Amino acid sequence: MSTFDLIVVGSGGGPYETNLSSYLFKPCDASWKDGIIALEAGSGIGTLHQLMSRDPALFDKLSAHEVYSLIRCFIISHAHLDHVNGLVLSAGSLQGPRKRVCAPLHTLKTLETVFADRIWPNLASWDADDAAYKLLYDPFKFDEGYRTIFPDVSARAMPVLHGKNDTIGDYESSAFFIRHDPSGQEFLFFGDVSPDSLSSTPQTIAIPATLSSVFIECSWPSGRPDEQLYGHLSPEHLVDELAALAAEVVAARAAKSRAEREREHGDEDDVLPKKKRRRRRNRSVDPPSAPLAGLRVYVMHCKEDLEQRHSRPIYHVIRDQVAALVQAKGLGAEVLSAEQGMTISTRSRPPFKNRTLR
Ligand SMILES: [Zn+2]
Ligand SMILES: [Zn+2]
């Protein structure tokens, strides 16, 4: 069963302004005319117009201007230009209902310095009654859990690191769990990420057992020295992050099956001797093979190969490097690349209890 239809307006990592992070999606059983959610807004209406002149059926024959008017909210991971350029440039000509800009508070505060009548006119406000401003700042709190952002769609934000700089120290980006409420299925979308964002995080990530797809950046190809990553991932580091995710998945799966077993054998457990009970609890924590089987990992945000070192698109080179490492580690995920102009149908996966618990 499909959950969301997602169109890739742009998926590159720069510097081509015609292919920057920008994704538009809706629940699969709704029509585009029912409203659209934008996830990042690097490339904007101009890129969309170019894509649609090549493929007029992309949004059921709507024009790029109509598609942009139908956007209800923009979900933004961080305020770097390659993620907000389209939002800023289009803000003066947006039609349709007021659009919420959903992002962590510090990201919105940074964006406010752009909409401050110097770099760009002030076209956004914090006040829900301020209809004169087409954009409404709507902060995500990292600890608030899921919040409805659109009919049948909820989102939860999680902070991730995206390098350091001399001015503010650690630079924070975010990742979003996006849930299709009727089915409970989710995908996880990462903004830009530096190495060890998950693998060195002491907190648990609370991965839902209903995760079907992960969108994650891999800006550089394999072998790039760590000091030249500039707050981004290469395949080696991406696979470390996936291994950290796999550990969370194993823990989530173990907790779920333990809860189910305790529900089924609750009475029996009460009368088991303590030793036997402990053995039963520990049984499910052996690491299974292919812990991410059934999960689709979409690689995105690859930096353009300006020097043409590769004879094929850089996003295929990087995808294949990630896939080889995922296979070598036995993680079991399917690795794909998110490519400009592509329609991706995220789909539900069978519950973990039917998967490889050996
Ligand atoms: Zn960035
Ligand atoms: Zn970026």
# chains A, B, ... in the order shown; residues from 1 in each chain; ligands from 1
>>> residues_around(residues="Ser197 in chain A", least_positions_apart="5", cutoff="10 Å", atoms="only C-alpha atoms", output="PyMOL selection string")
chain A and resi 159-163+233+237-238+240-241+244
>>> residues_near_ligand(ligand="ligand 2", cutoff="12 Å", atoms="only C-alpha atoms and all ligand atoms", output="VMD selection string")
chain A and resid 10 to 17 19 to 22 40 to 43 76 to 85 162 to 163 173 to 174 190 to 194 216 to 220 230 to 233 300 to 303
>>> closest_residue(among="A:Asp196, A:Glu236, A:Glu172, A:Glu334", to="ligand 1", atoms="only C-alpha atoms and all ligand atoms")
A:Glu172
>>> residues_around(residues="Gly35 in chain A", least_positions_apart="2", cutoff="6 Å", atoms="only C-alpha atoms", output="NGL selection string")
:A and (32-33 or 70-71)
>>> write_last_selection(atoms="N, CA and C atoms", output="compact mmCIF listing (two decimals), in the first residue's frame")
# COMPACT_ATOMS: atom_id res chain seq x y z
N TRP A 32 -3.53 16.46 -5.83
CA TRP A 32 -2.64 17.62 -5.65
C TRP A 32 -3.46 18.87 -5.35
N LYS A 33 -4.67 18.93 -5.92
CA LYS A 33 -5.50 20.12 -5.73
C LYS A 33 -6.01 20.24 -4.29
N LEU A 70 -0.86 25.98 -4.28
CA LEU A 70 -1.51 24.92 -3.50
C LEU A 70 -0.69 24.49 -2.28
N ILE A 71 0.53 24.98 -2.16
CA ILE A 71 1.36 24.61 -0.99
C ILE A 71 0.71 25.16 0.28
>>> residues_around(residues="Ala157 in chain A", least_positions_apart="3", cutoff="12 Å", atoms="only C-alpha atoms", output="PyMOL selection string")
chain A and resi 75-78+102-105+139-147+149+154+160+173-179+188-191+205-206
>>> residues_around(residues="Leu211 in chain A", least_positions_apart="6", cutoff="7 Å", atoms="only C-alpha atoms", output="VMD selection string")
chain A and resid 185 to 187
>>> select_by_dssp(residues="range 89-176 of chain A", states="strand (DSSP E or B)", output="mmCIF file with C-alpha atoms, in the first residue's frame")
data_model
loop_
_atom_site.group_PDB
_atom_site.id
_atom_site.type_symbol
_atom_site.label_atom_id
_atom_site.label_comp_id
_atom_site.auth_asym_id
_atom_site.auth_seq_id
_atom_site.Cartn_x
_atom_site.Cartn_y
_atom_site.Cartn_z
ATOM 1 C CA LYS A 99 1.517 29.182 4.066
ATOM 2 C CA ARG A 100 3.114 28.011 7.285
ATOM 3 C CA VAL A 101 6.889 27.765 7.453
ATOM 4 C CA CYS A 102 7.534 24.876 9.853
ATOM 5 C CA ALA A 103 11.103 24.700 11.130
ATOM 6 C CA PRO A 104 13.000 24.741 14.430
ATOM 7 C CA PHE A 115 12.870 38.711 5.492
ATOM 8 C CA TRP A 120 14.431 40.766 0.890
ATOM 9 C CA ALA A 124 6.479 36.627 6.873
ATOM 10 C CA SER A 125 5.070 37.071 10.377
ATOM 11 C CA LEU A 135 4.110 33.297 5.212
ATOM 12 C CA LEU A 136 3.484 32.361 8.847
ATOM 13 C CA TYR A 137 6.434 31.288 11.025
ATOM 14 C CA ASP A 138 5.417 28.105 12.853
ATOM 15 C CA PRO A 139 8.205 26.709 15.059
ATOM 16 C CA PHE A 140 8.777 22.995 15.560
ATOM 17 C CA ARG A 147 2.160 17.399 15.291
ATOM 18 C CA THR A 148 -0.501 17.503 12.570
ATOM 19 C CA ILE A 149 0.816 19.583 9.671
ATOM 20 C CA PHE A 150 -1.811 18.716 7.074
ATOM 21 C CA VAL A 153 -0.116 13.958 7.956
ATOM 22 C CA SER A 154 1.903 14.458 11.163
ATOM 23 C CA ALA A 155 5.551 15.319 11.658
ATOM 24 C CA ARG A 156 8.118 15.080 14.436
ATOM 25 C CA ALA A 157 11.424 16.968 14.356
ATOM 26 C CA MET A 158 14.802 15.805 15.651
ATOM 27 C CA PRO A 159 18.005 17.892 15.824
ATOM 28 C CA VAL A 160 21.090 16.751 13.898
ATOM 29 C CA LEU A 161 24.520 18.351 13.647
ATOM 30 C CA HIS A 162 25.685 19.987 10.432
ATOM 31 C CA GLY A 163 29.257 21.104 11.099
ATOM 32 C CA LYS A 164 30.754 23.911 13.143
ATOM 33 C CA ASN A 165 31.751 27.455 12.383
ATOM 34 C CA GLY A 169 30.041 26.956 17.038
ATOM 35 C CA ASP A 170 27.909 23.855 16.372
ATOM 36 C CA TYR A 171 25.552 24.440 13.461
ATOM 37 C CA GLU A 172 22.278 22.548 13.879
ATOM 38 C CA SER A 173 20.092 21.098 11.149
ATOM 39 C CA SER A 174 17.121 18.779 11.631
ATOM 40 C CA ALA A 175 15.556 15.532 10.536
ATOM 41 C CA PHE A 176 11.819 14.892 10.289
#
>>> select_by_dssp(residues="range 56-184 of chain A", states="alpha helix (DSSP H)", output="number ranges by chain")
A: 64-69, 81-90, 105-114
>>> atom_distance(atom1="CA of His180 in chain A", atom2="CA of Thr47 in chain A")
27.4 Å
>>> residues_around(residues="Ala333 in chain A", least_positions_apart="5", cutoff="9 Å", atoms="only C-alpha atoms", output="PyMOL selection string")
chain A and resi 290-297+323+326-327
>>> write_last_selection(atoms="N, CA, C and O atoms", output="PDB file, in the first residue's frame")
ATOM      1  N   ALA A 290      20.560  -8.631   8.496  1.00  0.00           N
ATOM      2  CA  ALA A 290      19.785  -7.690   7.685  1.00  0.00           C
ATOM      3  C   ALA A 290      18.769  -6.896   8.502  1.00  0.00           C
ATOM      4  O   ALA A 290      17.573  -6.926   8.222  1.00  0.00           O
ATOM      5  N   PRO A 291      19.229  -6.154   9.522  1.00  0.00           N
ATOM      6  CA  PRO A 291      18.273  -5.456  10.392  1.00  0.00           C
ATOM      7  C   PRO A 291      17.432  -4.411   9.670  1.00  0.00           C
ATOM      8  O   PRO A 291      16.368  -4.042  10.158  1.00  0.00           O
ATOM      9  N   LEU A 292      17.909  -3.922   8.507  1.00  0.00           N
ATOM     10  CA  LEU A 292      17.144  -2.899   7.796  1.00  0.00           C
ATOM     11  C   LEU A 292      16.440  -3.467   6.562  1.00  0.00           C
ATOM     12  O   LEU A 292      16.070  -2.720   5.650  1.00  0.00           O
ATOM     13  N   ALA A 293      16.253  -4.783   6.525  1.00  0.00           N
ATOM     14  CA  ALA A 293      15.563  -5.394   5.376  1.00  0.00           C
ATOM     15  C   ALA A 293      14.191  -4.763   5.212  1.00  0.00           C
ATOM     16  O   ALA A 293      13.476  -4.552   6.186  1.00  0.00           O
ATOM     17  N   GLY A 294      13.844  -4.430   3.977  1.00  0.00           N
ATOM     18  CA  GLY A 294      12.538  -3.820   3.714  1.00  0.00           C
ATOM     19  C   GLY A 294      12.573  -2.306   3.744  1.00  0.00           C
ATOM     20  O   GLY A 294      11.630  -1.654   3.312  1.00  0.00           O
ATOM     21  N   LEU A 295      13.661  -1.738   4.250  1.00  0.00           N
ATOM     22  CA  LEU A 295      13.766  -0.273   4.314  1.00  0.00           C
ATOM     23  C   LEU A 295      14.393   0.253   3.022  1.00  0.00           C
ATOM     24  O   LEU A 295      15.375  -0.307   2.532  1.00  0.00           O
ATOM     25  N   ARG A 296      13.809   1.324   2.480  1.00  0.00           N
ATOM     26  CA  ARG A 296      14.409   1.968   1.310  1.00  0.00           C
ATOM     27  C   ARG A 296      15.196   3.186   1.764  1.00  0.00           C
ATOM     28  O   ARG A 296      14.662   4.013   2.499  1.00  0.00           O
ATOM     29  N   VAL A 297      16.428   3.280   1.314  1.00  0.00           N
ATOM     30  CA  VAL A 297      17.260   4.440   1.659  1.00  0.00           C
ATOM     31  C   VAL A 297      17.500   5.240   0.382  1.00  0.00           C
ATOM     32  O   VAL A 297      18.100   4.740  -0.571  1.00  0.00           O
ATOM     33  N   ALA A 323      25.543   1.563  -1.641  1.00  0.00           N
ATOM     34  CA  ALA A 323      24.929   0.229  -1.719  1.00  0.00           C
ATOM     35  C   ALA A 323      25.960  -0.865  -1.429  1.00  0.00           C
ATOM     36  O   ALA A 323      25.670  -1.840  -0.718  1.00  0.00           O
ATOM     37  N   VAL A 326      26.596  -0.904   2.311  1.00  0.00           N
ATOM     38  CA  VAL A 326      25.425  -1.438   3.026  1.00  0.00           C
ATOM     39  C   VAL A 326      25.412  -2.968   2.913  1.00  0.00           C
ATOM     40  O   VAL A 326      25.154  -3.686   3.887  1.00  0.00           O
ATOM     41  N   GLN A 327      25.761  -3.450   1.720  1.00  0.00           N
ATOM     42  CA  GLN A 327      25.785  -4.900   1.513  1.00  0.00           C
ATOM     43  C   GLN A 327      26.915  -5.539   2.328  1.00  0.00           C
ATOM     44  O   GLN A 327      26.727  -6.554   2.998  1.00  0.00           O
TER      45      GLN A 327
END
>>> residues_around(residues="Ala91 in chain A", least_positions_apart="3", cutoff="8 Å", atoms="only C-alpha atoms", output="PyMOL selection string")
chain A and resi 87-88+94+123+134-135
>>> write_last_selection(atoms="C-alpha atoms", output="PDB file, in the first residue's frame")
ATOM      1  CA  LEU A  87      10.894  29.941  -0.551  1.00  0.00           C
ATOM      2  CA  VAL A  88      12.453  33.406  -0.367  1.00  0.00           C
ATOM      3  CA  LEU A  94       2.519  33.397  -3.640  1.00  0.00           C
ATOM      4  CA  LEU A 123       6.830  38.838   3.791  1.00  0.00           C
ATOM      5  CA  LYS A 134       1.737  35.342   3.033  1.00  0.00           C
ATOM      6  CA  LEU A 135       4.110  33.297   5.212  1.00  0.00           C
TER       7      LEU A 135
END
>>> closest_residue(among="A:Gln308, A:Leu229, A:Arg253, A:Leu325", to="ligand 1", atoms="only C-alpha atoms and all ligand atoms")
A:Leu229
>>> closest_residue(among="A:Thr107, A:Ile37, A:Pro225, A:Arg72", to="ligand 1", atoms="only C-alpha atoms and all ligand atoms")
A:Thr107
>>> decode(residues="range 109-125 of chain A", atoms="all heavy atoms", output="PDB file, in the first residue's frame")
ATOM      1  N   LYS A 109      14.309  32.045  13.163  1.00  0.00           N
ATOM      2  CA  LYS A 109      14.943  33.321  13.560  1.00  0.00           C
ATOM      3  C   LYS A 109      16.002  33.725  12.528  1.00  0.00           C
ATOM      4  O   LYS A 109      16.172  34.909  12.228  1.00  0.00           O
ATOM      5  CB  LYS A 109      15.603  33.183  14.941  1.00  0.00           C
ATOM      6  CG  LYS A 109      14.605  32.954  16.063  1.00  0.00           C
ATOM      7  CD  LYS A 109      14.188  34.277  16.671  1.00  0.00           C
ATOM      8  CE  LYS A 109      13.334  34.069  17.889  1.00  0.00           C
ATOM      9  NZ  LYS A 109      12.566  35.261  18.236  1.00  0.00           N
ATOM     10  N   THR A 110      16.722  32.741  12.015  1.00  0.00           N
ATOM     11  CA  THR A 110      17.722  33.043  10.983  1.00  0.00           C
ATOM     12  C   THR A 110      17.036  33.510   9.701  1.00  0.00           C
ATOM     13  O   THR A 110      17.459  34.482   9.065  1.00  0.00           O
ATOM     14  CB  THR A 110      18.592  31.798  10.706  1.00  0.00           C
ATOM     15  OG1 THR A 110      19.124  31.335  11.944  1.00  0.00           O
ATOM     16  CG2 THR A 110      19.737  32.119   9.761  1.00  0.00           C
ATOM     17  N   LEU A 111      15.964  32.830   9.348  1.00  0.00           N
ATOM     18  CA  LEU A 111      15.215  33.199   8.141  1.00  0.00           C
ATOM     19  C   LEU A 111      14.650  34.623   8.269  1.00  0.00           C
ATOM     20  O   LEU A 111      14.574  35.374   7.289  1.00  0.00           O
ATOM     21  CB  LEU A 111      14.084  32.183   7.958  1.00  0.00           C
ATOM     22  CG  LEU A 111      13.496  31.996   6.572  1.00  0.00           C
ATOM     23  CD1 LEU A 111      14.561  31.759   5.516  1.00  0.00           C
ATOM     24  CD2 LEU A 111      12.521  30.812   6.603  1.00  0.00           C
ATOM     25  N   GLU A 112      14.316  34.972   9.496  1.00  0.00           N
ATOM     26  CA  GLU A 112      13.777  36.311   9.748  1.00  0.00           C
ATOM     27  C   GLU A 112      14.795  37.402   9.390  1.00  0.00           C
ATOM     28  O   GLU A 112      14.419  38.522   9.042  1.00  0.00           O
ATOM     29  CB  GLU A 112      13.395  36.411  11.235  1.00  0.00           C
ATOM     30  CG  GLU A 112      12.375  37.475  11.534  1.00  0.00           C
ATOM     31  CD  GLU A 112      12.022  37.524  13.023  1.00  0.00           C
ATOM     32  OE1 GLU A 112      12.749  36.965  13.857  1.00  0.00           O
ATOM     33  OE2 GLU A 112      10.987  38.136  13.346  1.00  0.00           O
ATOM     34  N   THR A 113      16.084  37.075   9.476  1.00  0.00           N
ATOM     35  CA  THR A 113      17.109  38.071   9.110  1.00  0.00           C
ATOM     36  C   THR A 113      17.156  38.279   7.589  1.00  0.00           C
ATOM     37  O   THR A 113      17.689  39.276   7.116  1.00  0.00           O
ATOM     38  CB  THR A 113      18.521  37.669   9.617  1.00  0.00           C
ATOM     39  OG1 THR A 113      18.935  36.480   8.939  1.00  0.00           O
ATOM     40  CG2 THR A 113      18.536  37.457  11.103  1.00  0.00           C
ATOM     41  N   VAL A 114      16.597  37.325   6.839  1.00  0.00           N
ATOM     42  CA  VAL A 114      16.503  37.495   5.375  1.00  0.00           C
ATOM     43  C   VAL A 114      15.249  38.316   5.037  1.00  0.00           C
ATOM     44  O   VAL A 114      15.301  39.263   4.246  1.00  0.00           O
ATOM     45  CB  VAL A 114      16.465  36.119   4.676  1.00  0.00           C
ATOM     46  CG1 VAL A 114      16.258  36.288   3.172  1.00  0.00           C
ATOM     47  CG2 VAL A 114      17.737  35.329   4.958  1.00  0.00           C
ATOM     48  N   PHE A 115      14.124  37.956   5.686  1.00  0.00           N
ATOM     49  CA  PHE A 115      12.870  38.711   5.492  1.00  0.00           C
ATOM     50  C   PHE A 115      12.882  39.925   6.436  1.00  0.00           C
ATOM     51  O   PHE A 115      12.062  40.023   7.354  1.00  0.00           O
ATOM     52  CB  PHE A 115      11.659  37.838   5.811  1.00  0.00           C
ATOM     53  CG  PHE A 115      11.394  36.756   4.801  1.00  0.00           C
ATOM     54  CD1 PHE A 115      11.457  35.409   5.156  1.00  0.00           C
ATOM     55  CD2 PHE A 115      11.057  37.061   3.483  1.00  0.00           C
ATOM     56  CE1 PHE A 115      11.193  34.408   4.234  1.00  0.00           C
ATOM     57  CE2 PHE A 115      10.797  36.065   2.551  1.00  0.00           C
ATOM     58  CZ  PHE A 115      10.866  34.740   2.923  1.00  0.00           C
ATOM     59  N   ALA A 116      13.835  40.839   6.244  1.00  0.00           N
ATOM     60  CA  ALA A 116      13.969  41.966   7.176  1.00  0.00           C
ATOM     61  C   ALA A 116      14.110  43.278   6.425  1.00  0.00           C
ATOM     62  O   ALA A 116      14.736  44.223   6.909  1.00  0.00           O
ATOM     63  CB  ALA A 116      15.163  41.733   8.102  1.00  0.00           C
ATOM     64  N   ASP A 117      13.533  43.307   5.218  1.00  0.00           N
ATOM     65  CA  ASP A 117      13.500  44.546   4.424  1.00  0.00           C
ATOM     66  C   ASP A 117      14.866  45.021   3.944  1.00  0.00           C
ATOM     67  O   ASP A 117      15.006  46.174   3.550  1.00  0.00           O
ATOM     68  CB  ASP A 117      12.792  45.669   5.212  1.00  0.00           C
ATOM     69  CG  ASP A 117      11.291  45.375   5.351  1.00  0.00           C
ATOM     70  OD1 ASP A 117      10.741  44.688   4.461  1.00  0.00           O
ATOM     71  OD2 ASP A 117      10.674  45.818   6.333  1.00  0.00           O
ATOM     72  N   ARG A 118      15.862  44.141   4.005  1.00  0.00           N
ATOM     73  CA  ARG A 118      17.175  44.519   3.446  1.00  0.00           C
ATOM     74  C   ARG A 118      17.556  43.541   2.343  1.00  0.00           C
ATOM     75  O   ARG A 118      17.585  43.898   1.162  1.00  0.00           O
ATOM     76  CB  ARG A 118      18.247  44.546   4.537  1.00  0.00           C
ATOM     77  CG  ARG A 118      18.072  45.726   5.473  1.00  0.00           C
ATOM     78  CD  ARG A 118      19.138  45.732   6.571  1.00  0.00           C
ATOM     79  NE  ARG A 118      18.820  46.765   7.560  1.00  0.00           N
ATOM     80  CZ  ARG A 118      19.195  48.035   7.459  1.00  0.00           C
ATOM     81  NH1 ARG A 118      19.919  48.432   6.442  1.00  0.00           N
ATOM     82  NH2 ARG A 118      18.843  48.903   8.393  1.00  0.00           N
ATOM     83  N   ILE A 119      17.815  42.301   2.720  1.00  0.00           N
ATOM     84  CA  ILE A 119      18.117  41.297   1.681  1.00  0.00           C
ATOM     85  C   ILE A 119      16.860  41.046   0.851  1.00  0.00           C
ATOM     86  O   ILE A 119      16.904  40.870  -0.353  1.00  0.00           O
ATOM     87  CB  ILE A 119      18.592  39.974   2.330  1.00  0.00           C
ATOM     88  CG1 ILE A 119      19.888  40.198   3.104  1.00  0.00           C
ATOM     89  CG2 ILE A 119      18.797  38.877   1.282  1.00  0.00           C
ATOM     90  CD1 ILE A 119      20.314  39.005   3.948  1.00  0.00           C
ATOM     91  N   TRP A 120      15.728  41.052   1.539  1.00  0.00           N
ATOM     92  CA  TRP A 120      14.431  40.766   0.890  1.00  0.00           C
ATOM     93  C   TRP A 120      13.327  41.463   1.696  1.00  0.00           C
ATOM     94  O   TRP A 120      13.491  41.668   2.898  1.00  0.00           O
ATOM     95  CB  TRP A 120      14.212  39.244   0.871  1.00  0.00           C
ATOM     96  CG  TRP A 120      13.341  38.735  -0.241  1.00  0.00           C
ATOM     97  CD1 TRP A 120      12.183  38.043  -0.099  1.00  0.00           C
ATOM     98  CD2 TRP A 120      13.565  38.823  -1.648  1.00  0.00           C
ATOM     99  NE1 TRP A 120      11.662  37.702  -1.329  1.00  0.00           N
ATOM    100  CE2 TRP A 120      12.499  38.178  -2.304  1.00  0.00           C
ATOM    101  CE3 TRP A 120      14.566  39.412  -2.444  1.00  0.00           C
ATOM    102  CZ2 TRP A 120      12.393  38.097  -3.693  1.00  0.00           C
ATOM    103  CZ3 TRP A 120      14.463  39.317  -3.820  1.00  0.00           C
ATOM    104  CH2 TRP A 120      13.383  38.667  -4.424  1.00  0.00           C
ATOM    105  N   PRO A 121      12.216  41.846   1.069  1.00  0.00           N
ATOM    106  CA  PRO A 121      11.138  42.475   1.854  1.00  0.00           C
ATOM    107  C   PRO A 121      10.622  41.543   2.948  1.00  0.00           C
ATOM    108  O   PRO A 121      10.754  40.327   2.841  1.00  0.00           O
ATOM    109  CB  PRO A 121      10.035  42.712   0.811  1.00  0.00           C
ATOM    110  CG  PRO A 121      10.705  42.611  -0.516  1.00  0.00           C
ATOM    111  CD  PRO A 121      11.886  41.712  -0.340  1.00  0.00           C
ATOM    112  N   ASN A 122      10.018  42.142   3.968  1.00  0.00           N
ATOM    113  CA  ASN A 122       9.443  41.309   5.024  1.00  0.00           C
ATOM    114  C   ASN A 122       8.083  40.769   4.580  1.00  0.00           C
ATOM    115  O   ASN A 122       7.100  41.503   4.500  1.00  0.00           O
ATOM    116  CB  ASN A 122       9.287  42.107   6.323  1.00  0.00           C
ATOM    117  CG  ASN A 122       8.783  41.209   7.440  1.00  0.00           C
ATOM    118  OD1 ASN A 122       8.702  39.990   7.253  1.00  0.00           O
ATOM    119  ND2 ASN A 122       8.453  41.781   8.566  1.00  0.00           N
ATOM    120  N   LEU A 123       8.049  39.465   4.309  1.00  0.00           N
ATOM    121  CA  LEU A 123       6.830  38.838   3.791  1.00  0.00           C
ATOM    122  C   LEU A 123       6.335  37.734   4.710  1.00  0.00           C
ATOM    123  O   LEU A 123       5.490  36.926   4.323  1.00  0.00           O
ATOM    124  CB  LEU A 123       7.113  38.270   2.388  1.00  0.00           C
ATOM    125  CG  LEU A 123       7.553  39.344   1.358  1.00  0.00           C
ATOM    126  CD1 LEU A 123       8.274  38.716   0.184  1.00  0.00           C
ATOM    127  CD2 LEU A 123       6.346  40.135   0.872  1.00  0.00           C
ATOM    128  N   ALA A 124       6.855  37.696   5.939  1.00  0.00           N
ATOM    129  CA  ALA A 124       6.479  36.627   6.873  1.00  0.00           C
ATOM    130  C   ALA A 124       6.229  37.213   8.253  1.00  0.00           C
ATOM    131  O   ALA A 124       6.838  38.211   8.630  1.00  0.00           O
ATOM    132  CB  ALA A 124       7.603  35.599   6.953  1.00  0.00           C
ATOM    133  N   SER A 125       5.309  36.597   9.011  1.00  0.00           N
ATOM    134  CA  SER A 125       5.070  37.071  10.377  1.00  0.00           C
ATOM    135  C   SER A 125       4.860  35.888  11.318  1.00  0.00           C
ATOM    136  O   SER A 125       4.685  34.759  10.889  1.00  0.00           O
ATOM    137  CB  SER A 125       3.853  37.994  10.416  1.00  0.00           C
ATOM    138  OG  SER A 125       2.681  37.255  10.662  1.00  0.00           O
TER     139      SER A 125
END
